[in-house]
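Dumped input10.txt below, it's compact mmCIF, C-alpha atoms:
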```txt
# COMPACT_ATOMS: atom_id res chain seq x y z
CA MET O 19 -72.62 8.45 -10.37
CA LYS O 20 -70.48 6.12 -12.49
CA HIS O 21 -73.24 3.54 -12.25
CA TYR O 22 -75.70 5.97 -13.79
CA LYS O 23 -73.50 6.74 -16.73
CA THR O 24 -73.30 3.07 -17.75
CA ILE O 25 -77.00 2.84 -18.42
CA PHE O 26 -79.02 4.29 -21.26
CA ALA O 27 -82.59 4.67 -22.20
CA ALA O 28 -83.59 7.74 -24.14
CA ILE O 29 -87.03 9.13 -24.77
CA PHE O 30 -88.14 11.44 -27.57
CA LEU O 31 -86.25 14.38 -25.99
CA PHE O 32 -82.87 12.91 -25.12
CA ILE O 33 -84.41 11.62 -21.96
CA VAL O 34 -84.40 8.12 -20.69
CA ALA O 35 -87.17 6.49 -18.85
CA ILE O 36 -88.05 2.98 -17.74
CA TYR O 37 -90.94 1.23 -16.21
CA SER O 38 -90.81 -1.55 -13.63
CA TYR O 39 -92.49 -4.17 -15.77
CA GLY O 40 -89.94 -4.02 -18.61
CA GLN O 41 -89.10 -7.41 -20.02
CA SER O 42 -85.71 -9.01 -20.36
CA LEU O 43 -83.55 -9.66 -23.36
CA GLY O 44 -84.75 -12.82 -25.03
CA ARG O 45 -87.79 -12.66 -22.70
CA ASN O 46 -85.73 -13.60 -19.64
CA THR O 47 -86.27 -11.45 -16.57
CA ASN O 48 -83.74 -8.64 -16.50
CA GLU O 49 -84.33 -5.20 -15.04
CA LEU O 50 -84.31 -2.27 -17.42
CA SER O 51 -82.72 0.77 -15.88
CA SER O 52 -81.96 4.26 -17.05
CA VAL O 53 -80.46 7.65 -16.37
CA PHE O 54 -80.33 11.02 -18.01
CA ILE O 55 -76.83 11.41 -19.41
CA TYR O 56 -77.02 14.88 -20.95
CA THR O 57 -76.09 17.86 -18.87
CA GLY O 58 -76.76 20.87 -21.08
CA ALA O 59 -79.10 22.00 -23.83
CA TYR O 60 -80.49 19.67 -26.48
CA GLN O 61 -83.04 19.57 -29.26
CA THR O 62 -85.23 17.08 -31.02
CA ARG O 63 -86.61 17.89 -34.44
CA THR O 64 -89.46 15.77 -35.76
CA ILE O 65 -90.71 15.98 -39.34
CA TYR O 66 -94.10 14.45 -40.21
CA ASN O 67 -95.46 13.58 -43.64
CA ILE O 68 -99.01 12.35 -43.11
CA ARG O 69 -101.91 11.63 -45.48
CA VAL O 70 -105.11 12.77 -43.80
CA ARG O 71 -108.62 11.45 -44.46
CA GLU O 72 -111.77 12.61 -42.71
CA ASN O 73 -114.72 10.21 -42.85
CA ASN O 74 -112.89 8.42 -45.68
CA VAL O 75 -112.55 11.63 -47.71
CA TYR O 76 -108.97 12.57 -48.63
CA LYS O 77 -108.11 16.00 -47.17
CA GLY O 78 -104.48 16.29 -48.29
CA HIS O 79 -101.01 15.90 -46.86
CA ALA O 80 -100.14 17.30 -43.46
CA PHE O 81 -96.51 18.44 -43.34
CA ARG O 82 -95.70 19.03 -39.70
CA GLU O 83 -92.63 19.82 -37.69
CA ILE O 84 -92.12 19.84 -33.94
CA ARG O 85 -88.95 21.24 -32.40
CA GLU O 86 -88.40 20.68 -28.71
CA ASN O 87 -85.61 22.67 -27.07
CA PHE O 88 -84.80 21.97 -23.43
CA SER O 89 -82.02 22.88 -21.02
CA LEU O 90 -80.96 21.63 -17.62
CA VAL O 91 -82.06 24.24 -15.08
CA ALA O 92 -81.54 22.39 -11.78
CA ASP O 93 -79.46 19.39 -10.73
CA THR O 94 -79.76 17.84 -7.27
CA PRO O 95 -78.68 14.46 -5.86
CA PHE O 96 -82.26 13.26 -6.36
CA GLU O 97 -83.37 14.69 -9.69
CA LYS O 98 -82.62 16.81 -12.71
CA LYS O 99 -85.07 19.48 -13.85
CA PHE O 100 -85.37 20.61 -17.45
CA ALA O 101 -87.29 23.50 -18.93
CA GLY O 102 -87.69 24.77 -22.43
CA ARG O 103 -89.91 25.58 -25.33
CA THR O 104 -91.60 23.64 -28.11
CA PHE O 105 -92.30 25.09 -31.56
CA ILE O 106 -95.07 23.48 -33.58
CA PHE O 107 -95.43 24.02 -37.33
CA GLU O 108 -98.13 22.64 -39.58
CA GLU O 109 -99.34 22.90 -43.14
CA LEU O 110 -102.23 20.96 -44.65
CA LYS O 111 -101.93 21.05 -48.42
CA SER O 112 -102.71 18.90 -51.43
CA GLN O 113 -99.37 19.85 -52.95
CA GLY O 114 -96.33 22.03 -52.34
CA ARG O 115 -94.85 23.66 -49.26
CA ASP O 116 -94.07 27.20 -48.24
CA LEU O 117 -90.51 28.45 -48.53
CA VAL O 118 -90.44 29.64 -44.92
CA ARG O 119 -92.45 28.18 -42.11
CA LYS O 120 -95.03 29.75 -39.89
CA VAL O 121 -95.04 28.82 -36.21
CA ASN O 122 -98.52 27.55 -35.37
CA ASN O 123 -97.93 27.25 -31.65
CA ILE O 124 -95.25 27.89 -29.04
CA ILE O 125 -95.60 25.92 -25.81
CA ASP O 126 -93.44 26.16 -22.70
CA GLY O 127 -92.76 23.00 -20.76
CA SER O 128 -90.76 21.54 -17.90
CA PHE O 129 -90.20 18.13 -16.39
CA ILE O 130 -88.15 16.24 -13.83
CA VAL O 131 -85.93 13.22 -14.41
CA ASN O 132 -85.53 11.23 -11.20
CA ARG O 133 -82.33 9.32 -10.51
CA ASP O 134 -84.14 6.04 -11.06
CA GLY O 135 -84.88 7.17 -14.61
CA SER O 136 -88.58 7.90 -14.13
CA ILE O 137 -89.88 11.13 -15.62
CA GLU O 138 -92.57 13.46 -14.37
CA ARG O 139 -94.02 16.34 -16.32
CA ASP O 140 -94.67 19.42 -14.24
CA GLU O 141 -98.32 19.86 -13.36
CA ASP O 142 -99.16 22.33 -16.12
CA SER O 143 -96.73 20.98 -18.70
CA ILE O 144 -97.69 19.15 -21.88
CA PHE O 145 -94.24 18.46 -23.20
CA PRO O 146 -92.25 16.30 -23.65
CA ARG O 147 -94.89 14.60 -25.78
CA LEU O 148 -93.29 11.16 -25.67
CA LEU O 149 -92.16 9.46 -22.47
CA GLY O 150 -90.54 6.04 -22.08
CA PHE O 151 -89.51 5.67 -25.73
CA PRO O 152 -87.08 4.43 -26.83
CA VAL O 153 -85.74 2.28 -24.01
CA PHE O 154 -82.35 0.63 -24.29
CA PRO O 155 -81.40 -2.19 -21.88
CA GLU O 156 -78.55 -1.95 -19.41
CA GLN O 157 -76.90 -5.04 -20.76
CA GLN O 158 -74.70 -3.94 -23.65
CA ASN O 159 -73.61 -7.31 -25.11
CA LEU O 160 -76.85 -7.66 -27.04
CA ARG O 161 -77.39 -10.47 -29.52
CA ILE O 162 -79.15 -9.97 -32.82
CA GLY O 163 -82.76 -10.93 -32.20
CA SER O 164 -82.76 -10.01 -28.50
CA THR O 165 -86.11 -8.55 -27.45
CA TRP O 166 -87.52 -6.51 -24.58
CA GLU O 167 -90.60 -4.48 -23.68
CA ALA O 168 -91.22 -1.24 -21.84
CA ALA O 169 -94.15 1.07 -21.16
CA GLY O 170 -94.47 4.61 -22.40
CA SER O 171 -96.98 7.34 -23.14
CA ILE O 172 -97.60 9.85 -25.90
CA VAL O 173 -99.64 13.07 -25.88
CA VAL O 174 -101.79 13.73 -28.98
CA ASP O 175 -103.92 16.53 -30.35
CA PRO O 176 -105.17 15.27 -33.74
CA LEU O 177 -107.59 18.14 -34.42
CA ARG O 178 -105.09 20.81 -33.30
CA LYS O 179 -107.50 22.20 -30.71
CA ASN O 180 -104.82 22.60 -28.04
CA LEU O 181 -106.59 19.81 -26.16
CA PHE O 182 -103.92 17.23 -25.45
CA THR O 183 -104.74 13.63 -24.57
CA LYS O 184 -102.34 11.09 -23.10
CA ILE O 185 -102.25 7.59 -24.53
CA ASN O 186 -100.37 4.81 -22.70
CA PHE O 187 -98.70 2.01 -24.64
CA ILE O 188 -96.35 -0.97 -24.35
CA SER O 189 -93.54 -0.96 -26.89
CA GLU O 190 -91.90 -4.14 -28.14
CA TYR O 191 -88.23 -3.86 -29.14
CA ARG O 192 -85.95 -6.10 -31.19
CA TYR O 193 -82.19 -5.68 -31.55
CA ALA O 194 -81.00 -5.76 -35.18
CA GLY O 195 -77.25 -5.33 -34.68
CA ILE O 196 -74.63 -2.68 -35.44
CA THR O 197 -74.67 -0.75 -38.70
CA HIS O 198 -73.70 2.65 -40.08
CA PHE O 199 -76.08 5.54 -40.71
CA GLN O 200 -74.83 8.75 -42.32
CA GLY O 201 -71.28 7.85 -41.42
CA VAL O 202 -72.02 7.11 -37.75
CA GLU O 203 -71.73 3.64 -36.19
CA VAL O 204 -75.05 2.88 -34.51
CA HIS O 205 -77.06 0.19 -32.79
CA SER O 206 -80.06 -0.63 -34.96
CA ILE O 207 -83.31 -1.45 -33.15
CA THR O 208 -86.83 -2.02 -34.40
CA ALA O 209 -89.85 -1.23 -32.23
CA ARG O 210 -93.62 -1.34 -32.40
CA TYR O 211 -96.42 -0.10 -30.20
CA ALA O 212 -100.18 -0.07 -30.57
CA MET O 213 -102.27 3.08 -30.25
CA ARG O 214 -105.27 2.15 -28.09
CA TYR O 215 -107.56 4.60 -26.33
CA ASN O 216 -111.17 4.72 -25.17
CA GLN O 217 -113.09 7.81 -24.13
CA GLY O 218 -112.22 8.84 -20.59
CA ASP O 219 -108.93 6.94 -20.31
CA ASP O 220 -107.34 10.34 -19.76
CA PRO O 221 -109.71 12.38 -17.55
CA TYR O 222 -107.78 15.54 -18.42
CA GLY O 223 -107.76 14.94 -22.16
CA ASP O 224 -110.14 15.81 -24.99
CA GLN O 225 -113.50 14.47 -23.85
CA ASP O 226 -114.75 14.40 -27.45
CA LEU O 227 -112.09 11.84 -28.38
CA LEU O 228 -114.00 8.55 -28.38
CA ARG O 229 -111.41 6.06 -29.60
CA VAL O 230 -107.91 5.76 -30.97
CA SER O 231 -106.69 2.70 -32.84
CA GLY O 232 -103.67 1.88 -34.94
CA SER O 233 -99.95 1.36 -34.55
CA ARG O 234 -96.53 2.89 -34.96
CA ASN O 235 -93.48 0.97 -36.18
CA ALA O 236 -90.02 2.41 -35.71
CA THR O 237 -86.42 1.94 -36.72
CA ILE O 238 -84.14 3.39 -34.04
CA TYR O 239 -80.46 4.28 -34.31
CA ILE O 240 -78.45 4.74 -31.11
CA THR O 241 -74.76 5.64 -31.27
CA THR O 242 -72.28 2.96 -30.22
CA LYS O 243 -69.87 5.61 -28.96
CA ASP O 244 -71.91 7.04 -26.11
CA TYR O 245 -75.31 5.31 -26.33
CA THR O 246 -77.18 8.46 -27.26
CA PRO O 247 -80.12 8.55 -29.69
CA PHE O 248 -79.29 9.66 -33.20
CA PHE O 249 -82.28 9.10 -35.48
CA ILE O 250 -85.70 7.43 -35.45
CA GLN O 251 -88.00 6.73 -38.38
CA LYS O 252 -91.61 5.85 -37.60
CA ASN O 253 -94.35 4.52 -39.85
CA ILE O 254 -97.72 5.78 -38.66
CA ASP O 255 -101.15 4.24 -39.28
CA GLU O 256 -103.89 5.35 -36.88
CA VAL O 257 -107.51 6.47 -36.64
CA TYR O 258 -108.95 9.04 -34.23
CA THR O 259 -112.70 8.80 -33.74
CA PHE O 260 -114.83 11.74 -32.60
CA PRO O 261 -118.61 12.21 -32.67
CA SER O 262 -119.52 12.25 -36.39
CA LEU O 263 -115.86 12.39 -37.41
CA ALA O 264 -113.17 9.77 -38.01
CA VAL O 265 -109.70 11.11 -38.82
CA SER O 266 -107.30 8.68 -40.47
CA MET O 267 -103.56 9.45 -40.50
CA ARG O 268 -101.05 7.41 -42.47
CA GLY O 269 -97.47 8.28 -43.24
CA PHE O 270 -94.11 8.60 -41.51
CA SER O 271 -92.03 10.74 -39.21
CA HIS O 272 -88.30 11.38 -38.93
CA ILE O 273 -86.86 12.33 -35.55
CA TRP O 274 -83.40 13.89 -35.33
CA TYR O 275 -81.57 14.30 -32.05
CA SER O 276 -78.78 16.81 -31.43
CA ASN O 277 -76.84 18.38 -28.63
CA VAL O 278 -76.97 22.16 -28.60
CA VAL O 279 -73.72 23.99 -28.09
CA PRO O 280 -74.50 26.94 -25.80
CA MET O 281 -74.44 30.25 -27.60
CA LYS O 282 -71.83 32.74 -26.43
CA ARG O 283 -74.46 35.38 -25.99
CA ASP O 284 -72.17 38.26 -25.09
CA VAL O 285 -70.03 37.59 -28.13
CA VAL O 286 -73.04 37.34 -30.47
CA LYS O 287 -74.68 40.43 -29.02
CA ASN O 288 -71.53 42.53 -29.30
CA ASP O 289 -70.83 41.30 -32.81
CA ILE O 290 -74.35 42.29 -33.92
CA MET O 291 -74.01 45.75 -32.43
CA GLU O 292 -70.57 46.30 -33.95
CA SER O 293 -71.83 45.11 -37.34
CA ILE O 294 -74.73 47.57 -37.22
CA ILE O 295 -72.35 50.41 -36.34
CA ARG O 296 -70.07 49.52 -39.27
CA SER O 297 -73.05 49.41 -41.65
CA SER O 298 -75.11 52.28 -43.01
CA LEU O 299 -77.81 51.55 -40.44
CA ASP O 300 -78.37 53.69 -37.36
CA ILE O 301 -77.67 51.83 -34.11
CA GLU O 302 -80.30 54.00 -32.41
CA ASP O 303 -82.95 52.28 -34.51
CA PHE O 304 -82.15 48.88 -32.99
CA ASP O 305 -82.56 47.19 -29.64
CA VAL O 306 -80.23 44.22 -29.09
CA LYS O 307 -80.66 42.31 -25.85
CA GLU O 308 -80.54 38.89 -24.25
CA ILE O 309 -83.86 37.17 -23.62
CA GLU O 310 -84.77 33.71 -22.39
CA GLU O 311 -84.88 32.22 -25.89
CA GLY O 312 -81.60 33.73 -27.09
CA ILE O 313 -80.68 37.15 -28.53
CA SER O 314 -83.37 39.59 -29.65
CA LEU O 315 -82.65 42.02 -32.48
CA THR O 316 -85.53 44.49 -32.77
CA THR O 317 -85.84 47.27 -35.31
CA ASN O 318 -88.39 50.07 -35.48
CA ASN O 319 -86.91 51.39 -38.70
CA ILE O 320 -88.27 49.01 -41.32
CA HIS O 321 -91.31 50.76 -42.76
CA PHE O 322 -94.31 49.12 -44.41
CA VAL O 323 -97.10 50.54 -46.49
CA PRO O 324 -99.86 51.37 -43.97
CA ASP O 325 -102.04 48.36 -43.16
CA ARG O 326 -100.15 46.17 -45.63
CA ALA O 327 -97.25 43.73 -45.62
CA GLU O 328 -95.50 45.59 -48.45
CA LEU O 329 -92.28 47.43 -47.68
CA LEU O 330 -91.91 51.06 -48.69
CA PRO O 331 -89.40 51.85 -51.49
CA GLY O 332 -85.80 51.54 -50.32
CA GLU O 333 -86.58 49.44 -47.24
CA ASN O 334 -85.42 46.19 -48.85
CA ARG O 335 -81.86 47.46 -48.61
CA LYS O 336 -82.14 47.55 -44.81
CA VAL O 337 -83.25 43.92 -44.75
CA GLU O 338 -80.36 42.99 -47.03
CA ILE O 339 -77.87 44.57 -44.61
CA ILE O 340 -79.50 42.74 -41.69
CA SER O 341 -79.19 39.47 -43.61
CA THR O 342 -75.47 40.08 -43.99
CA ILE O 343 -75.19 40.51 -40.21
CA LEU O 344 -77.21 37.37 -39.49
CA ARG O 345 -75.17 35.24 -41.90
CA ARG O 346 -72.20 35.77 -39.59
CA ILE O 347 -74.02 33.70 -36.95
CA PRO O 348 -73.63 29.98 -37.79
CA ASP O 349 -76.19 27.22 -37.30
CA ARG O 350 -78.80 29.06 -35.21
CA THR O 351 -82.47 29.43 -36.15
CA PHE O 352 -83.95 32.90 -36.64
CA LEU O 353 -87.50 33.48 -35.39
CA ILE O 354 -89.03 36.55 -37.03
CA VAL O 355 -91.83 38.08 -34.95
CA GLY O 356 -94.14 40.79 -36.26
CA HIS O 357 -95.73 43.37 -33.92
CA THR O 358 -98.35 46.04 -34.59
CA ALA O 359 -99.88 49.00 -32.81
CA ASP O 360 -103.19 48.44 -31.04
CA VAL O 361 -105.26 49.91 -33.87
CA GLY O 362 -108.25 48.08 -35.34
CA THR O 363 -109.45 44.65 -34.28
CA ALA O 364 -107.29 42.10 -32.55
CA GLU O 365 -107.85 39.73 -35.47
CA SER O 366 -106.66 42.26 -38.07
CA GLN O 367 -103.63 43.14 -35.95
CA MET O 368 -102.65 39.50 -35.63
CA GLU O 369 -103.08 38.81 -39.33
CA LEU O 370 -101.05 41.87 -40.33
CA SER O 371 -98.24 41.06 -37.89
CA ILE O 372 -97.96 37.51 -39.27
CA LEU O 373 -97.93 38.70 -42.89
CA ARG O 374 -95.24 41.29 -42.16
CA ALA O 375 -93.09 38.73 -40.33
CA GLU O 376 -93.48 36.35 -43.26
CA ARG O 377 -92.44 39.08 -45.70
CA ILE O 378 -89.23 39.77 -43.75
CA ALA O 379 -88.50 36.03 -43.56
CA GLN O 380 -88.95 35.68 -47.31
CA LEU O 381 -86.59 38.59 -47.95
CA LEU O 382 -83.95 37.15 -45.60
CA ARG O 383 -84.16 33.92 -47.57
CA GLN O 384 -83.86 35.86 -50.81
CA TYR O 385 -80.69 37.50 -49.45
CA GLY O 386 -78.97 34.22 -48.71
CA ILE O 387 -80.21 32.74 -45.43
CA SER O 388 -81.38 29.13 -45.74
CA SER O 389 -85.12 28.62 -45.35
CA ASP O 390 -84.36 25.85 -42.84
CA ARG O 391 -83.09 28.55 -40.46
CA LEU O 392 -86.10 30.84 -40.84
CA ILE O 393 -89.39 30.62 -38.98
CA PHE O 394 -91.94 33.32 -38.32
CA THR O 395 -94.96 34.26 -36.25
CA GLY O 396 -96.94 37.33 -35.26
CA LYS O 397 -98.05 38.82 -31.96
CA GLY O 398 -100.38 41.54 -33.20
CA GLY O 399 -100.62 44.35 -30.67
CA THR O 400 -100.41 42.08 -27.63
CA ILE O 401 -96.87 43.08 -26.57
CA PRO O 402 -96.67 46.89 -26.73
CA VAL O 403 -93.42 48.68 -25.92
CA GLY O 404 -94.90 52.17 -26.33
CA ASN O 405 -98.06 54.06 -25.39
CA ASN O 406 -100.77 53.31 -27.95
CA ALA O 407 -102.44 56.60 -27.04
CA THR O 408 -99.70 58.57 -28.81
CA GLU O 409 -98.40 58.44 -32.38
CA GLU O 410 -94.85 58.07 -31.08
CA GLY O 411 -95.87 55.10 -28.94
CA ARG O 412 -97.79 53.47 -31.79
CA ALA O 413 -94.76 53.88 -34.05
CA ARG O 414 -92.60 52.04 -31.51
CA ASN O 415 -95.12 49.22 -31.35
CA ARG O 416 -94.94 48.73 -35.13
CA ARG O 417 -91.75 46.73 -35.15
CA VAL O 418 -90.09 43.56 -36.36
CA GLU O 419 -88.18 41.37 -33.92
CA ILE O 420 -85.60 38.79 -34.98
CA ILE O 421 -84.75 36.27 -32.26
CA ILE O 422 -81.54 34.26 -32.61
CA LEU O 423 -82.68 31.08 -30.90
CA GLU O 424 -80.58 29.03 -28.50
CA ASP O 425 -80.98 25.86 -30.57
```
Output the structure of this file as structure tokens.
Amino acid sequence: MKHYKTIFAAIFLFIVAIYSYGQSLGRNTNELSSVFIYTGAYQTRTIYNIRVRENNVYKGHAFREIRENFSLVADTPFEKKFAGRTFIFEELKSQGRDLVRKVNNIIDGSFIVNRDGSIERDEDSIFPRLLGFPVFPEQQNLRIGSTWEAAGSIVVDPLRKNLFTKINFISEYRYAGITHFQGVEVHSITARYAMRYNQGDDPYGDQDLLRVSGSRNATIYITTKDYTPFFIQKNIDEVYTFPSLAVSMRGFSHIWYSNVVPMKRDVVKNDIMESIIRSSLDIEDFDVKEIEEGISLTTNNIHFVPDRAELLPGENRKVEIISTILRRIPDRTFLIVGHTADVGTAESQMELSILRAERIAQLLRQYGISSDRLIFTGKGGTIPVGNNATEEGRARNRRVEIIILED
């Protein structure tokens, strides 16, 4: 076990992976090896700022964010298994950004890290998106200018069709020495890999994707203290070609890595309940429980104007009290989920649930919660908790859920 802890190579999700044909430092043969060194929960947060052109016509800036949250769920002498959830956000705008962010997609995923450092996604899993990057060599007495290579793969979905295509690549690394970044002593590494794909390279990918070309250049910071990834900046310049459509993407991404301190769920849950009791709110109007993602705080007692995302007079005060309770919880992200009764079309239900969740998120921000901690989505009438055949049941289904995420 001690041998494993001396070696580091981390991928996009705090994972390390190597491939047998990695090259040596200074191009001399030297095996790259790796191991997963984290034992708990962790998160990567990637921010994209991309200029998008379609058939050479400027379409605007795509501001995207991907948060991957994974936890160790099984540990055997042969492998470690991780499972978690990925949140995808995206806006395509010519200017400006929203104050709070809508979740465009939530995707569950799981994977296995073998003791030799190799990584396998579970059969139906898309994430982690990036495998085998970055790779850090076992030898720690690196010289400035030392180089090595390793293989990796990335999963892409440029048209956001939920059709993910795997692209294999070889990344070239160069050691730049020790520096400081945001007060942390880090190893500085530069890397580059080409994006090359021809139709059919991934038989399970988007069959309309004809070609991919371009490159990604990266500056990587790895801590000198424990050889864990800290920050990566990538410059992106690539073209995705489809029948009658060429999508050009140029810009950059910032990837932040962080350990996640496990939430003391019992303490948080009890504190929420006690805070509600001490407030002017009625505890009977709330359901506080542990769920897979964290702690769910659901209220059926915030009333909207029928078929609108506008709160009835006096309801803002309830949201203000809830914001006071949530501010007692440090660091965590709050996912606001809107739900409706099964009345009208599925499309109208979904739209209304999203708008109502956004309205609550905006009010929470107004009452002092940072917009960085607020995300929202809607589920329409797809998750009923009451009988839609009765007015009482429909009233229960019209609810707002706030999930304190384990992130």
Using all atoms listed in the file, the shortest atom-to-atom distance to Asn180 of chain O among O:Gly58, O:Pro95, O:Gly223, O:Gly269 belongs to O:Gly223
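Closest to Ala59 of chain O among O:Asp255, O:Glu72, O:Glu86, O:Asp325 is O:Glu86, based on only C-alpha atoms.
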Take the point (-83.6, 15.6, -9.6) as written in the file and pick out every residue within 9 Å of it, counting all atoms listed in the file; give the list as number ranges by chain. O: 92-99, 130-133
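Closest to Asn319 of chain O among O:Gly404, O:Glu419, O:Val361, O:Ser266 is O:Glu419, based on all atoms listed in the file.
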Distance criterion (all atoms listed in the file): nearest to Tyr385 of chain O out of O:Thr237, O:Ser366, O:Ser341, O:Asn406: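 Among the listed residues, O:Ser341 lies closest to Tyr385 of chain O.
The closest residue to Val265 of chain O, picked from O:Asn67, O:Gln251, O:Asn74, O:Ser297 and counting all atoms listed in the file, is O:Asn74.
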Out of O:Arg71, O:Arg350, O:Lys336, O:Arg103, which residue has the shortest atom-to-atom distance to Met281 of chain O when counting all atoms listed in the file?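 Among the listed residues, the smallest separation from Met281 of chain O belongs to O:Arg350.
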Write out as a VMD selection string the residues lying within 8 Å of Thr242 of chain O, counting only C-alpha atoms and excluding same-chain residues fewer than 5 positions away. chain O and resid 203 to 205
Residues from last step as file, C-alpha atoms, as a CSV table (one decimal), keeping the file's coordinate frame:
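Wrote result-v3.csv, looks like this:
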```csv
chain,number,residue,atom,x,y,z
O,203,GLU,CA,-71.7,3.6,-36.2
O,204,VAL,CA,-75.0,2.9,-34.5
O,205,HIS,CA,-77.1,0.2,-32.8
```
Which value, in Å to one decimal, gives the distance between atom CA of Ile273 of chain O and atom CA of Phe249 of chain O?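 Calculated distance between atom CA of Ile273 of chain O and atom CA of Phe249 of chain O is 5.6 Å.
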Write out as a list in words each polymer residue whose atoms come within 10 Å of Asp224 of chain O, counting only C-alpha atoms; drop sequence neighbours fewer than 5 positions from it. Val174, Asp175, Lys179, Asn180, Leu181, Phe182, Thr183, Lys184, Gln217, Gly218 and Phe260 of chain O
note - atom CA of Asn288 of chain O and atom CA of Asn318 of chain O are separated by 19.5 Å
Env of Phe105 of chain O: 10 Å cut, atoms = only C-alpha atoms, seq-sep filter 2 positions within chain, self excluded. Answer as a PyMOL selection string. chain O and resi 63+83-87+103+107+120-126+393
Dump as a compact mmCIF listing (two decimals), keeping the file's coordinate frame, selection limited to C-alpha atoms:
```txt
# COMPACT_ATOMS: atom_id res chain seq x y z
CA ARG O 63 -86.61 17.89 -34.44
CA GLU O 83 -92.63 19.82 -37.69
CA ILE O 84 -92.12 19.84 -33.94
CA ARG O 85 -88.95 21.24 -32.40
CA GLU O 86 -88.40 20.68 -28.71
CA ASN O 87 -85.61 22.67 -27.07
CA ARG O 103 -89.91 25.58 -25.33
CA PHE O 107 -95.43 24.02 -37.33
CA LYS O 120 -95.03 29.75 -39.89
CA VAL O 121 -95.04 28.82 -36.21
CA ASN O 122 -98.52 27.55 -35.37
CA ASN O 123 -97.93 27.25 -31.65
CA ILE O 124 -95.25 27.89 -29.04
CA ILE O 125 -95.60 25.92 -25.81
CA ASP O 126 -93.44 26.16 -22.70
CA ILE O 393 -89.39 30.62 -38.98
```
What does the structure give for the distance between atom CA of Ser293 of chain O and atom CA of Ile347 of chain O, in Å to one decimal? 11.6 Å
Taking 6 positions as the minimum chain separation for residues in the same chain, which residues sit within 12 Å of Lys282 of chain O when counting all atoms listed in the file? Answer as a CSV table (one decimal) with C-alpha atoms, in the frame of the given file.
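The result, written out as result_18.csv:
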```csv
chain,number,residue,atom,x,y,z
O,288,ASN,CA,-71.5,42.5,-29.3
O,289,ASP,CA,-70.8,41.3,-32.8
O,308,GLU,CA,-80.5,38.9,-24.2
O,312,GLY,CA,-81.6,33.7,-27.1
O,313,ILE,CA,-80.7,37.2,-28.5
O,347,ILE,CA,-74.0,33.7,-37.0
O,348,PRO,CA,-73.6,30.0,-37.8
O,350,ARG,CA,-78.8,29.1,-35.2
O,422,ILE,CA,-81.5,34.3,-32.6
O,423,LEU,CA,-82.7,31.1,-30.9
O,424,GLU,CA,-80.6,29.0,-28.5
```
Around all listed atoms of segment 328-341 of chain O, padded 5 Å per side, what centre and edge lengths does the axis-aligned box have in Å to one decimal, as JSON?
```
{"center_x": -86.7, "center_y": 45.7, "center_z": -46.6, "size_x": 27.6, "size_y": 22.4, "size_z": 19.8}
```
Residue completion, segment 142-150 of chain O, N, CA, C and O atoms, as a PDB file, in the coordinates of the input:
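Result saved to rebuild_9.pdb:
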```pdb
ATOM      1  N   ASP O 142     -98.517  21.639 -15.013  1.00  0.00           N
ATOM      2  CA  ASP O 142     -99.160  22.330 -16.120  1.00  0.00           C
ATOM      3  C   ASP O 142     -98.438  22.129 -17.442  1.00  0.00           C
ATOM      4  O   ASP O 142     -98.710  22.838 -18.416  1.00  0.00           O
ATOM      5  N   SER O 143     -97.548  21.157 -17.511  1.00  0.00           N
ATOM      6  CA  SER O 143     -96.730  20.980 -18.700  1.00  0.00           C
ATOM      7  C   SER O 143     -97.298  19.884 -19.602  1.00  0.00           C
ATOM      8  O   SER O 143     -97.749  18.837 -19.122  1.00  0.00           O
ATOM      9  N   ILE O 144     -97.269  20.133 -20.896  1.00  0.00           N
ATOM     10  CA  ILE O 144     -97.690  19.150 -21.880  1.00  0.00           C
ATOM     11  C   ILE O 144     -96.500  18.379 -22.426  1.00  0.00           C
ATOM     12  O   ILE O 144     -96.571  17.180 -22.681  1.00  0.00           O
ATOM     13  N   PHE O 145     -95.408  19.070 -22.592  1.00  0.00           N
ATOM     14  CA  PHE O 145     -94.240  18.460 -23.200  1.00  0.00           C
ATOM     15  C   PHE O 145     -93.228  18.068 -22.133  1.00  0.00           C
ATOM     16  O   PHE O 145     -93.173  18.685 -21.087  1.00  0.00           O
ATOM     17  N   PRO O 146     -92.427  17.013 -22.396  1.00  0.00           N
ATOM     18  CA  PRO O 146     -92.250  16.300 -23.650  1.00  0.00           C
ATOM     19  C   PRO O 146     -93.449  15.436 -24.011  1.00  0.00           C
ATOM     20  O   PRO O 146     -94.098  14.862 -23.142  1.00  0.00           O
ATOM     21  N   ARG O 147     -93.735  15.355 -25.319  1.00  0.00           N
ATOM     22  CA  ARG O 147     -94.890  14.600 -25.780  1.00  0.00           C
ATOM     23  C   ARG O 147     -94.734  13.103 -25.546  1.00  0.00           C
ATOM     24  O   ARG O 147     -95.706  12.407 -25.281  1.00  0.00           O
ATOM     25  N   LEU O 148     -93.527  12.599 -25.698  1.00  0.00           N
ATOM     26  CA  LEU O 148     -93.290  11.160 -25.670  1.00  0.00           C
ATOM     27  C   LEU O 148     -92.410  10.794 -24.489  1.00  0.00           C
ATOM     28  O   LEU O 148     -91.307  11.308 -24.351  1.00  0.00           O
ATOM     29  N   LEU O 149     -92.919   9.932 -23.630  1.00  0.00           N
ATOM     30  CA  LEU O 149     -92.160   9.460 -22.470  1.00  0.00           C
ATOM     31  C   LEU O 149     -91.963   7.950 -22.573  1.00  0.00           C
ATOM     32  O   LEU O 149     -92.845   7.221 -23.019  1.00  0.00           O
ATOM     33  N   GLY O 150     -90.784   7.477 -22.135  1.00  0.00           N
ATOM     34  CA  GLY O 150     -90.540   6.040 -22.080  1.00  0.00           C
ATOM     35  C   GLY O 150     -90.293   5.415 -23.442  1.00  0.00           C
ATOM     36  O   GLY O 150     -90.521   4.225 -23.618  1.00  0.00           O
TER      37      GLY O 150
END
```
